[in-house]
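**Student:** This is the structure I want to talk about, given as structure tokens.
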Amino acid sequence: MLALGALTSPAAHADKVTRTAECQGDWLPGTPTADDVMRGEISLVGLPDFKLGKKINWGASPYGNRSWEFVFQSLRWMGTLVVAYENSGERRYLDRATEITKDWVANNKYGARGTKPYVWKDHPVSLRTQPLLCLSKHVNESWLKDSLATHAGLLSDPRLYKKGHNHGIDQDIALMGIGCRYGRKDWANLASKRLTGTVKLDVDSQGALMEQAPRYAVYVYGRLQVAMTNMKSCGRKVPGDIAERTEAMKDFVAHSTMPNGYMVPIGDGSAEVEPKMETGTPKQEVKTYRAGYVFGRTAFGKPESAFYSIRFGPGMKFHGHEDHLGVTYYAQGRDILVDGGFHSYEKSAYRHWTLSPEAHNVPTVVGARFKPRTASKLVKTDYGKDRQAFKLTDQAYGVSRTRSVLVNHGEDLMAVLDTASGGKKIKNVWRFDPSLKVVSNGGGKVVLGDGKFKVTMLQLTSCSKAGGQKVERGGKLGWVSPTYLSKKPTNVVLSPAAKSLLTVIVPGTDSPKVSCAGGKLTVDGTTFSTNLL
């Protein structure tokens, strides 16, 4: 067994409890509360209450949900009891927390028969360390001390370390916590060294999160705040790379937050993530990130501002989807074009589909096979105050597929030009917000609406109308998952096949005036090249 230093004595009197840094903070989940746990009913990851009972079944998986299992085994819900004890001085909270944890330790020995494998996966181990450290400030017993030593051994094992990932950050926070708690400089030194390397891989110099789901930037930012606070309390200097990249993340979060206050749901991110952090207001309305994002808007601080996102960059990894060359569009106070969304981490056919190109607003090459995890490039840009344009390309279908995107502000519209090399034809998919229902479809023009609000989609090849659009709601493609475990039917427009497809999205109208001649397209008085840039 790894050697640990001496522990402090438990609180002698229930009415004289010292609040500790290990227990205070924002690491606790919103649910369940301490009183919920005392009643024996816990709600995790938004699923219904689970009745714990007096004698807990540690192999429970009432919903067959991997996230529920991981959070259950993290014991953070137990930690609410210790925090309640510190805040109230009521011994019953500490007694129940001790009882739960001692029972968990006895029934979940590392490597023992009957212990579920996921109990000792990297993330439950790292997240469980916080409530165990919190409990250790008030409980001086060998079984708890020994369990923390086992956790530290796993956290320091290089074979189990998740470098360049938010799990690695949590592992470093946990290992440093144990090292500082018990005076083990070797563990604290290792955690500090690894954290610097992981942050440089996970957050680039622009402050962009490399995990390909912007909403995780909020989580990583918060965890790095905890890591830096813990380093300082441990008498350690925070490395400049960590501090600088953490600070730069604030701009990334601000740029990836839509005018409605919610983060754009790209990758494994739902549409209900509202960043609870102070970001400030970026100086630029449009920002291109080398990590593979373009975020643009009319103005910050205005709910009616238009907003768009464009994806490119390294091939899919971690929390990313096969969404390269994909776009989203928000205008006039509402979502227009949306991604398929994030359903869950369950190993299901639907989860696999949400990762696929078909769940995103992307072009596909007719008759060609898709090559997963292909990188894409942003090859040309044209920034203007009231109009921006971008050109992207990749070989995800074995030939060059190229997409140009133009966004006009003031007179809101988005125009997208898709082509493929080698004479190949191309198709594209357009997923509209579930609130928008089809009003009409014909002659290369699809109108959708929600009450008085209308949006028009036009498709052309050169200057000719490209008719034959199909609209699917439900079925194979017509779905969206705006929130965790939700699945809603929505309208998806499938284009005809053509060697060149120009798609124009015009929010706020069902009858835009359109003319096209000499390589110029005019829509309601806004003129631009049919090549876009």
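Going by the structure tokens order, chains are called A, B, ..., each with residues numbered from 1, while ligands are numbered from 1 in the order shown.
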Env of A:Ala60: 12 Å cut, atoms = only C-alpha atoms, seq-sep filter 5 positions within chain, self excluded. Answer as a PDB file with all heavy atoms, in the first residue's frame.

**Tutor:**
ATOM      1  N   PHE A  50     -34.010   7.628  -8.393  1.00  0.00           N
ATOM      2  CA  PHE A  50     -33.685   6.231  -8.106  1.00  0.00           C
ATOM      3  C   PHE A  50     -33.691   6.062  -6.601  1.00  0.00           C
ATOM      4  O   PHE A  50     -33.081   6.845  -5.870  1.00  0.00           O
ATOM      5  CB  PHE A  50     -32.312   5.873  -8.676  1.00  0.00           C
ATOM      6  CG  PHE A  50     -31.794   4.535  -8.225  1.00  0.00           C
ATOM      7  CD1 PHE A  50     -32.431   3.365  -8.610  1.00  0.00           C
ATOM      8  CD2 PHE A  50     -30.671   4.456  -7.402  1.00  0.00           C
ATOM      9  CE1 PHE A  50     -31.953   2.127  -8.185  1.00  0.00           C
ATOM     10  CE2 PHE A  50     -30.194   3.223  -6.974  1.00  0.00           C
ATOM     11  CZ  PHE A  50     -30.836   2.049  -7.372  1.00  0.00           C
ATOM     12  N   LYS A  51     -34.381   5.035  -6.123  1.00  0.00           N
ATOM     13  CA  LYS A  51     -34.474   4.797  -4.682  1.00  0.00           C
ATOM     14  C   LYS A  51     -33.261   3.982  -4.232  1.00  0.00           C
ATOM     15  O   LYS A  51     -33.132   2.807  -4.568  1.00  0.00           O
ATOM     16  CB  LYS A  51     -35.780   4.086  -4.346  1.00  0.00           C
ATOM     17  CG  LYS A  51     -37.027   4.933  -4.626  1.00  0.00           C
ATOM     18  CD  LYS A  51     -38.285   4.271  -4.098  1.00  0.00           C
ATOM     19  CE  LYS A  51     -39.530   5.101  -4.420  1.00  0.00           C
ATOM     20  NZ  LYS A  51     -39.466   6.459  -3.827  1.00  0.00           N
ATOM     21  N   LEU A  52     -32.421   4.632  -3.442  1.00  0.00           N
ATOM     22  CA  LEU A  52     -31.212   3.977  -2.961  1.00  0.00           C
ATOM     23  C   LEU A  52     -31.508   2.881  -1.942  1.00  0.00           C
ATOM     24  O   LEU A  52     -30.919   1.797  -1.994  1.00  0.00           O
ATOM     25  CB  LEU A  52     -30.300   5.016  -2.286  1.00  0.00           C
ATOM     26  CG  LEU A  52     -29.469   5.949  -3.163  1.00  0.00           C
ATOM     27  CD1 LEU A  52     -28.806   6.986  -2.285  1.00  0.00           C
ATOM     28  CD2 LEU A  52     -28.435   5.173  -3.943  1.00  0.00           C
ATOM     29  N   GLY A  53     -32.400   3.193  -1.009  1.00  0.00           N
ATOM     30  CA  GLY A  53     -32.620   2.289   0.105  1.00  0.00           C
ATOM     31  C   GLY A  53     -31.506   2.433   1.124  1.00  0.00           C
ATOM     32  O   GLY A  53     -30.510   3.125   0.906  1.00  0.00           O
ATOM     33  N   LYS A  55     -29.588  -0.106   2.307  1.00  0.00           N
ATOM     34  CA  LYS A  55     -28.475  -0.917   1.809  1.00  0.00           C
ATOM     35  C   LYS A  55     -28.405  -0.722   0.301  1.00  0.00           C
ATOM     36  O   LYS A  55     -29.295  -1.127  -0.435  1.00  0.00           O
ATOM     37  CB  LYS A  55     -28.703  -2.394   2.143  1.00  0.00           C
ATOM     38  CG  LYS A  55     -27.597  -3.322   1.653  1.00  0.00           C
ATOM     39  CD  LYS A  55     -26.289  -3.072   2.384  1.00  0.00           C
ATOM     40  CE  LYS A  55     -25.237  -4.097   1.984  1.00  0.00           C
ATOM     41  NZ  LYS A  55     -23.924  -3.813   2.599  1.00  0.00           N
ATOM     42  N   ASN A  65     -28.050   3.365 -18.611  1.00  0.00           N
ATOM     43  CA  ASN A  65     -27.444   4.578 -19.147  1.00  0.00           C
ATOM     44  C   ASN A  65     -26.020   4.700 -18.624  1.00  0.00           C
ATOM     45  O   ASN A  65     -25.784   4.752 -17.416  1.00  0.00           O
ATOM     46  CB  ASN A  65     -28.292   5.791 -18.725  1.00  0.00           C
ATOM     47  CG  ASN A  65     -27.764   7.095 -19.272  1.00  0.00           C
ATOM     48  OD1 ASN A  65     -26.758   7.602 -18.812  1.00  0.00           O
ATOM     49  ND2 ASN A  65     -28.461   7.647 -20.251  1.00  0.00           N
ATOM     50  N   ARG A  66     -25.040   4.777 -19.540  1.00  0.00           N
ATOM     51  CA  ARG A  66     -23.629   4.817 -19.155  1.00  0.00           C
ATOM     52  C   ARG A  66     -23.300   6.057 -18.344  1.00  0.00           C
ATOM     53  O   ARG A  66     -22.537   6.008 -17.376  1.00  0.00           O
ATOM     54  CB  ARG A  66     -22.746   4.758 -20.405  1.00  0.00           C
ATOM     55  CG  ARG A  66     -22.868   3.462 -21.171  1.00  0.00           C
ATOM     56  CD  ARG A  66     -22.197   3.575 -22.534  1.00  0.00           C
ATOM     57  NE  ARG A  66     -20.738   3.680 -22.408  1.00  0.00           N
ATOM     58  CZ  ARG A  66     -19.993   4.508 -23.123  1.00  0.00           C
ATOM     59  NH1 ARG A  66     -20.550   5.350 -23.971  1.00  0.00           N
ATOM     60  NH2 ARG A  66     -18.683   4.515 -22.978  1.00  0.00           N
ATOM     61  N   TRP A  68     -25.291   7.722 -16.381  1.00  0.00           N
ATOM     62  CA  TRP A  68     -25.853   7.544 -15.033  1.00  0.00           C
ATOM     63  C   TRP A  68     -24.924   6.679 -14.201  1.00  0.00           C
ATOM     64  O   TRP A  68     -24.638   6.994 -13.036  1.00  0.00           O
ATOM     65  CB  TRP A  68     -27.234   6.892 -15.120  1.00  0.00           C
ATOM     66  CG  TRP A  68     -28.005   6.892 -13.827  1.00  0.00           C
ATOM     67  CD1 TRP A  68     -28.949   7.785 -13.433  1.00  0.00           C
ATOM     68  CD2 TRP A  68     -27.869   5.941 -12.747  1.00  0.00           C
ATOM     69  NE1 TRP A  68     -29.421   7.463 -12.177  1.00  0.00           N
ATOM     70  CE2 TRP A  68     -28.778   6.336 -11.735  1.00  0.00           C
ATOM     71  CE3 TRP A  68     -27.086   4.809 -12.548  1.00  0.00           C
ATOM     72  CZ2 TRP A  68     -28.909   5.636 -10.545  1.00  0.00           C
ATOM     73  CZ3 TRP A  68     -27.206   4.117 -11.346  1.00  0.00           C
ATOM     74  CH2 TRP A  68     -28.116   4.530 -10.361  1.00  0.00           C
ATOM     75  N   GLU A  69     -24.446   5.589 -14.779  1.00  0.00           N
ATOM     76  CA  GLU A  69     -23.550   4.683 -14.056  1.00  0.00           C
ATOM     77  C   GLU A  69     -22.280   5.409 -13.602  1.00  0.00           C
ATOM     78  O   GLU A  69     -21.842   5.259 -12.455  1.00  0.00           O
ATOM     79  CB  GLU A  69     -23.173   3.505 -14.955  1.00  0.00           C
ATOM     80  CG  GLU A  69     -24.332   2.585 -15.282  1.00  0.00           C
ATOM     81  CD  GLU A  69     -24.012   1.613 -16.404  1.00  0.00           C
ATOM     82  OE1 GLU A  69     -22.902   1.707 -16.981  1.00  0.00           O
ATOM     83  OE2 GLU A  69     -24.869   0.763 -16.709  1.00  0.00           O
ATOM     84  N   PHE A  70     -21.683   6.203 -14.495  1.00  0.00           N
ATOM     85  CA  PHE A  70     -20.452   6.904 -14.162  1.00  0.00           C
ATOM     86  C   PHE A  70     -20.677   7.931 -13.046  1.00  0.00           C
ATOM     87  O   PHE A  70     -19.862   8.043 -12.128  1.00  0.00           O
ATOM     88  CB  PHE A  70     -19.885   7.597 -15.407  1.00  0.00           C
ATOM     89  CG  PHE A  70     -19.059   6.683 -16.284  1.00  0.00           C
ATOM     90  CD1 PHE A  70     -19.374   5.343 -16.422  1.00  0.00           C
ATOM     91  CD2 PHE A  70     -17.970   7.171 -16.982  1.00  0.00           C
ATOM     92  CE1 PHE A  70     -18.621   4.492 -17.227  1.00  0.00           C
ATOM     93  CE2 PHE A  70     -17.194   6.340 -17.792  1.00  0.00           C
ATOM     94  CZ  PHE A  70     -17.527   4.991 -17.912  1.00  0.00           C
ATOM     95  N   VAL A  71     -21.778   8.677 -13.136  1.00  0.00           N
ATOM     96  CA  VAL A  71     -22.055   9.686 -12.116  1.00  0.00           C
ATOM     97  C   VAL A  71     -22.394   9.021 -10.780  1.00  0.00           C
ATOM     98  O   VAL A  71     -21.990   9.499  -9.713  1.00  0.00           O
ATOM     99  CB  VAL A  71     -23.183  10.625 -12.581  1.00  0.00           C
ATOM    100  CG1 VAL A  71     -23.584  11.592 -11.472  1.00  0.00           C
ATOM    101  CG2 VAL A  71     -22.746  11.412 -13.818  1.00  0.00           C
ATOM    102  N   PHE A  72     -23.110   7.926 -10.835  1.00  0.00           N
ATOM    103  CA  PHE A  72     -23.429   7.164  -9.620  1.00  0.00           C
ATOM    104  C   PHE A  72     -22.143   6.746  -8.915  1.00  0.00           C
ATOM    105  O   PHE A  72     -21.994   6.907  -7.701  1.00  0.00           O
ATOM    106  CB  PHE A  72     -24.265   5.945 -10.004  1.00  0.00           C
ATOM    107  CG  PHE A  72     -24.691   5.076  -8.852  1.00  0.00           C
ATOM    108  CD1 PHE A  72     -25.334   5.611  -7.748  1.00  0.00           C
ATOM    109  CD2 PHE A  72     -24.468   3.700  -8.884  1.00  0.00           C
ATOM    110  CE1 PHE A  72     -25.745   4.802  -6.695  1.00  0.00           C
ATOM    111  CE2 PHE A  72     -24.871   2.880  -7.841  1.00  0.00           C
ATOM    112  CZ  PHE A  72     -25.512   3.429  -6.742  1.00  0.00           C
ATOM    113  N   GLN A  73     -21.194   6.236  -9.697  1.00  0.00           N
ATOM    114  CA  GLN A  73     -19.947   5.749  -9.116  1.00  0.00           C
ATOM    115  C   GLN A  73     -18.973   6.869  -8.758  1.00  0.00           C
ATOM    116  O   GLN A  73     -17.981   6.627  -8.084  1.00  0.00           O
ATOM    117  CB  GLN A  73     -19.274   4.763 -10.084  1.00  0.00           C
ATOM    118  CG  GLN A  73     -20.054   3.478 -10.305  1.00  0.00           C
ATOM    119  CD  GLN A  73     -20.161   2.617  -9.052  1.00  0.00           C
ATOM    120  OE1 GLN A  73     -19.373   2.758  -8.127  1.00  0.00           O
ATOM    121  NE2 GLN A  73     -21.160   1.745  -9.015  1.00  0.00           N
ATOM    122  N   THR A 115     -16.793  -6.552  -8.891  1.00  0.00           N
ATOM    123  CA  THR A 115     -16.698  -5.101  -9.077  1.00  0.00           C
ATOM    124  C   THR A 115     -16.885  -4.771 -10.555  1.00  0.00           C
ATOM    125  O   THR A 115     -16.190  -5.327 -11.410  1.00  0.00           O
ATOM    126  CB  THR A 115     -15.327  -4.564  -8.610  1.00  0.00           C
ATOM    127  OG1 THR A 115     -15.184  -4.825  -7.214  1.00  0.00           O
ATOM    128  CG2 THR A 115     -15.216  -3.065  -8.855  1.00  0.00           C
ATOM    129  N   LYS A 116     -17.827  -3.906 -10.857  1.00  0.00           N
ATOM    130  CA  LYS A 116     -18.091  -3.533 -12.243  1.00  0.00           C
ATOM    131  C   LYS A 116     -16.865  -2.836 -12.848  1.00  0.00           C
ATOM    132  O   LYS A 116     -16.273  -1.961 -12.196  1.00  0.00           O
ATOM    133  CB  LYS A 116     -19.301  -2.597 -12.336  1.00  0.00           C
ATOM    134  CG  LYS A 116     -20.600  -3.184 -11.810  1.00  0.00           C
ATOM    135  CD  LYS A 116     -21.152  -4.254 -12.740  1.00  0.00           C
ATOM    136  CE  LYS A 116     -22.513  -4.738 -12.273  1.00  0.00           C
ATOM    137  NZ  LYS A 116     -23.059  -5.795 -13.147  1.00  0.00           N
ATOM    138  N   VAL A 119     -16.446   1.018 -12.745  1.00  0.00           N
ATOM    139  CA  VAL A 119     -16.239   1.683 -11.452  1.00  0.00           C
ATOM    140  C   VAL A 119     -14.847   2.306 -11.380  1.00  0.00           C
ATOM    141  O   VAL A 119     -14.655   3.374 -10.800  1.00  0.00           O
ATOM    142  CB  VAL A 119     -16.433   0.675 -10.302  1.00  0.00           C
ATOM    143  CG1 VAL A 119     -16.030   1.293  -8.970  1.00  0.00           C
ATOM    144  CG2 VAL A 119     -17.885   0.202 -10.255  1.00  0.00           C
TER     145      VAL A 119
END

**Student:** If we count only C-alpha atoms and set the cut-off at 10 Å, which residues sit around A:Ser192, ignoring sequence neighbours fewer than 4 positions away in its own chain? Please answer as a compact mmCIF listing (two decimals) with C-alpha atoms, in the first residue's frame.

**Tutor:**
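And here's result_13.txt as it stands now:
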# COMPACT_ATOMS: atom_id res chain seq x y z
CA ASP A 172 -4.43 15.85 -12.66
CA ILE A 173 -6.73 17.81 -10.34
CA LEU A 175 -3.86 13.49 -8.14
CA MET A 176 -2.70 16.93 -7.04
CA TRP A 187 2.21 12.96 -6.90
CA ALA A 188 1.77 16.74 -6.89
CA THR A 196 0.79 21.68 -18.56
CA GLY A 197 1.22 19.20 -21.41
CA ALA A 227 -6.70 23.38 -10.95
CA MET A 228 -5.05 26.80 -10.68
CA MET A 231 -1.96 24.71 -7.25
CA ARG A 236 2.86 26.02 -6.34
CA LYS A 237 3.28 28.53 -9.14
CA VAL A 238 0.75 28.28 -11.98
CA PRO A 239 2.60 27.72 -15.28

**Student:** Which residue is closest to A:Arg473? Choose from A:Val492, A:Ala396, A:Ala299, A:Leu458 and count only C-alpha atoms.

**Tutor:** A:Val492

**Student:** Could you give me, as a PyMOL selection string, the residues within 8 Å of A:Asn260, counting only C-alpha atoms and dropping anything in the same chain fewer than 3 positions from it?

**Tutor:** chain A and resi 257+303+333-334

**Student:** What does the structure give for the distance between atom CA of A:Pro158 and atom CA of A:Lys193, in Å to one decimal?

**Tutor:** 12.4 Å

**Student:** Could you name the residues that touch A:Ser256 at 7 Å or less, counting only C-alpha atoms, but leaving out those on the same chain fewer than 5 positions away, as an MDAnalysis selection string?

**Tutor:** chainID A and resid 214 263:264 295

**Student:** Give the alpha helix (DSSP H) residues of stretch 100-290 of chain A, as assigned by DSSP on the backbone, as a ChimeraX atom specification.

**Tutor:** /A:100-107,122-136,142-155,166-182,185-202,215-233,240-255

**Student:** If you count only C-alpha atoms, which residues fall within 7 Å of stretch 75-90 of chain A, apart from same-chain ones fewer than 6 positions away, as a short mmCIF file (atom, residue, chain, number, x, y, z; two decimals) with all heavy atoms, in the first residue's frame?

**Tutor:**
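Okay, this is what ended up in around_5.cif:
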data_model
loop_
_atom_site.label_atom_id
_atom_site.label_comp_id
_atom_site.auth_asym_id
_atom_site.auth_seq_id
_atom_site.Cartn_x
_atom_site.Cartn_y
_atom_site.Cartn_z
N ALA A 14 -20.44 18.47 16.75
CA ALA A 14 -21.22 18.73 15.55
C ALA A 14 -21.49 20.21 15.35
O ALA A 14 -21.70 20.67 14.24
CB ALA A 14 -22.54 17.98 15.61
N ASP A 15 -21.49 20.97 16.41
CA ASP A 15 -21.81 22.39 16.28
C ASP A 15 -20.56 23.26 16.12
O ASP A 15 -20.64 24.48 16.15
CB ASP A 15 -22.61 22.87 17.49
CG ASP A 15 -21.87 22.66 18.80
OD1 ASP A 15 -20.86 21.94 18.79
OD2 ASP A 15 -22.31 23.22 19.83
N LYS A 16 -19.41 22.64 15.96
CA LYS A 16 -18.17 23.40 15.76
C LYS A 16 -17.38 22.79 14.60
O LYS A 16 -16.31 22.24 14.77
CB LYS A 16 -17.32 23.39 17.03
CG LYS A 16 -17.95 24.13 18.21
CD LYS A 16 -17.03 24.11 19.42
CE LYS A 16 -17.67 24.85 20.58
NZ LYS A 16 -16.78 24.84 21.77
N VAL A 17 -17.95 22.89 13.42
CA VAL A 17 -17.36 22.28 12.24
C VAL A 17 -16.65 23.35 11.41
O VAL A 17 -17.21 24.41 11.12
CB VAL A 17 -18.43 21.59 11.37
CG1 VAL A 17 -17.78 20.91 10.17
CG2 VAL A 17 -19.20 20.58 12.20
N THR A 18 -15.43 23.05 11.02
CA THR A 18 -14.65 23.96 10.18
C THR A 18 -14.96 23.70 8.71
O THR A 18 -14.95 22.55 8.26
CB THR A 18 -13.15 23.78 10.43
OG1 THR A 18 -12.88 24.04 11.80
CG2 THR A 18 -12.34 24.72 9.55
N ARG A 19 -15.26 24.75 7.99
CA ARG A 19 -15.43 24.60 6.55
C ARG A 19 -14.07 24.44 5.90
O ARG A 19 -13.12 25.15 6.25
CB ARG A 19 -16.14 25.81 5.96
CG ARG A 19 -17.58 25.95 6.41
CD ARG A 19 -18.29 27.06 5.66
NE ARG A 19 -19.67 27.19 6.07
CZ ARG A 19 -20.54 28.00 5.48
NH1 ARG A 19 -20.15 28.76 4.47
NH2 ARG A 19 -21.78 28.07 5.90
N CYS A 23 -14.07 20.75 0.64
CA CYS A 23 -15.52 20.54 0.54
C CYS A 23 -16.25 21.74 -0.07
O CYS A 23 -17.26 21.55 -0.75
CB CYS A 23 -16.11 20.25 1.92
SG CYS A 23 -15.59 18.66 2.61
N GLN A 24 -15.78 22.93 0.16
CA GLN A 24 -16.47 24.11 -0.36
C GLN A 24 -16.07 24.33 -1.82
O GLN A 24 -14.99 23.96 -2.24
CB GLN A 24 -16.15 25.33 0.48
CG GLN A 24 -16.53 25.20 1.94
CD GLN A 24 -18.03 24.97 2.15
OE1 GLN A 24 -18.86 25.61 1.50
NE2 GLN A 24 -18.38 24.06 3.05
N LEU A 28 -19.92 20.32 -6.67
CA LEU A 28 -21.10 19.49 -6.45
C LEU A 28 -22.11 19.64 -7.57
O LEU A 28 -22.27 20.72 -8.14
CB LEU A 28 -21.77 19.87 -5.13
CG LEU A 28 -21.01 19.50 -3.86
CD1 LEU A 28 -21.73 20.08 -2.66
CD2 LEU A 28 -20.89 18.00 -3.73
N PRO A 32 -28.46 15.36 -6.91
CA PRO A 32 -29.48 15.57 -5.89
C PRO A 32 -28.96 16.49 -4.78
O PRO A 32 -27.77 16.74 -4.69
CB PRO A 32 -29.72 14.16 -5.36
CG PRO A 32 -28.37 13.51 -5.50
CD PRO A 32 -27.77 14.06 -6.76
N THR A 33 -29.87 16.94 -3.92
CA THR A 33 -29.48 17.71 -2.75
C THR A 33 -29.15 16.76 -1.61
O THR A 33 -29.44 15.55 -1.66
CB THR A 33 -30.61 18.64 -2.31
OG1 THR A 33 -31.73 17.84 -1.87
CG2 THR A 33 -31.07 19.54 -3.47
N ALA A 34 -28.57 17.31 -0.55
CA ALA A 34 -28.26 16.48 0.62
C ALA A 34 -29.52 15.85 1.20
O ALA A 34 -29.51 14.68 1.61
CB ALA A 34 -27.55 17.33 1.68
N ALA A 97 -22.94 9.93 5.30
CA ALA A 97 -21.89 9.98 4.29
C ALA A 97 -20.82 8.92 4.57
O ALA A 97 -20.34 8.24 3.65
CB ALA A 97 -21.26 11.36 4.26
N ARG A 128 -14.40 10.93 -8.33
CA ARG A 128 -14.70 10.39 -6.99
C ARG A 128 -13.70 10.89 -5.95
O ARG A 128 -14.00 10.94 -4.75
CB ARG A 128 -14.67 8.86 -7.07
CG ARG A 128 -15.22 8.16 -5.85
CD ARG A 128 -15.54 6.70 -6.14
NE ARG A 128 -14.40 5.97 -6.67
CZ ARG A 128 -14.41 5.30 -7.83
NH1 ARG A 128 -15.49 5.27 -8.57
NH2 ARG A 128 -13.34 4.65 -8.23
N PRO A 131 -15.04 14.01 -3.53
CA PRO A 131 -15.84 13.72 -2.33
C PRO A 131 -15.09 12.89 -1.29
O PRO A 131 -15.33 13.05 -0.08
CB PRO A 131 -17.06 12.97 -2.88
CG PRO A 131 -16.68 12.52 -4.24
CD PRO A 131 -15.71 13.52 -4.75
N LEU A 135 -14.51 14.08 2.49
CA LEU A 135 -14.84 13.26 3.66
C LEU A 135 -13.62 13.07 4.56
O LEU A 135 -13.75 13.04 5.80
CB LEU A 135 -15.37 11.90 3.19
CG LEU A 135 -15.84 10.92 4.27
CD1 LEU A 135 -17.03 11.49 5.04
CD2 LEU A 135 -16.20 9.57 3.65
#

**Student:** Using atom CA of A:Thr364 and atom CA of A:Asn408 as the two end points, give the distance in Å to one decimal.

**Tutor:** 24.9 Å

**Student:** Give me the residues within 8 Å of A:Arg311 as a list of chain:residue names, counting only C-alpha atoms and dropping any in the same chain fewer than 2 places off.

**Tutor:** A:Gly292, A:Tyr293, A:Val294, A:Ser309, A:Gly313, A:Asp323, A:His324, A:Leu325, A:Gly326, A:Val327

**Student:** Report as a list in words all protein, DNA and RNA residues lying within 9 Å of A:Gly207, evaluated on only C-alpha atoms, omitting residues in the same chain fewer than 5 positions from it.

**Tutor:**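 Residues near the query, excluding close chain neighbours: Glu244, Arg245, Thr246, Glu247, Ala248, Met249, Lys250, Asp251, Phe252, Val253 and Tyr289 of chain A.
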
**Student:** For N, CA and C atoms, I'd like the residues from the last selection saved as a CSV table (one decimal), in the first residue's frame.

**Tutor:**
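And here is the file that came out, again_22.csv:
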chain,number,residue,atom,x,y,z
A,244,GLU,N,-2.5,31.5,-19.4
A,244,GLU,CA,-2.7,32.3,-20.6
A,244,GLU,C,-3.8,31.6,-21.5
A,245,ARG,N,-3.8,30.3,-21.6
A,245,ARG,CA,-4.7,29.6,-22.4
A,245,ARG,C,-6.1,29.5,-21.8
A,246,THR,N,-6.1,29.5,-20.5
A,246,THR,CA,-7.4,29.5,-19.7
A,246,THR,C,-8.1,30.9,-20.0
A,247,GLU,N,-7.3,31.9,-19.9
A,247,GLU,CA,-7.8,33.3,-20.1
A,247,GLU,C,-8.3,33.4,-21.5
A,248,ALA,N,-7.6,32.9,-22.5
A,248,ALA,CA,-8.0,33.0,-23.9
A,248,ALA,C,-9.3,32.2,-24.2
A,249,MET,N,-9.7,31.3,-23.4
A,249,MET,CA,-10.9,30.5,-23.6
A,249,MET,C,-12.1,31.4,-23.4
A,250,LYS,N,-12.1,32.4,-22.7
A,250,LYS,CA,-13.2,33.3,-22.5
A,250,LYS,C,-13.7,33.9,-23.8
A,251,ASP,N,-12.8,34.3,-24.7
A,251,ASP,CA,-13.2,34.8,-26.0
A,251,ASP,C,-13.8,33.6,-26.9
A,252,PHE,N,-13.3,32.4,-26.8
A,252,PHE,CA,-13.8,31.3,-27.5
A,252,PHE,C,-15.2,31.0,-27.1
A,253,VAL,N,-15.5,31.0,-25.8
A,253,VAL,CA,-16.8,30.8,-25.3
A,253,VAL,C,-17.8,31.9,-25.8
A,289,TYR,N,-11.1,30.3,-36.1
A,289,TYR,CA,-10.2,29.6,-35.2
A,289,TYR,C,-9.5,28.5,-36.0

**Student:** Here is a test: counting only C-alpha atoms, which residue of A:Tyr397, A:Tyr110, A:Tyr345, A:Phe528 is nearest to A:Cys516?

**Tutor:**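 Between A:Tyr397, A:Tyr110, A:Tyr345, A:Phe528, the residue approaching A:Cys516 most closely is A:Phe528.
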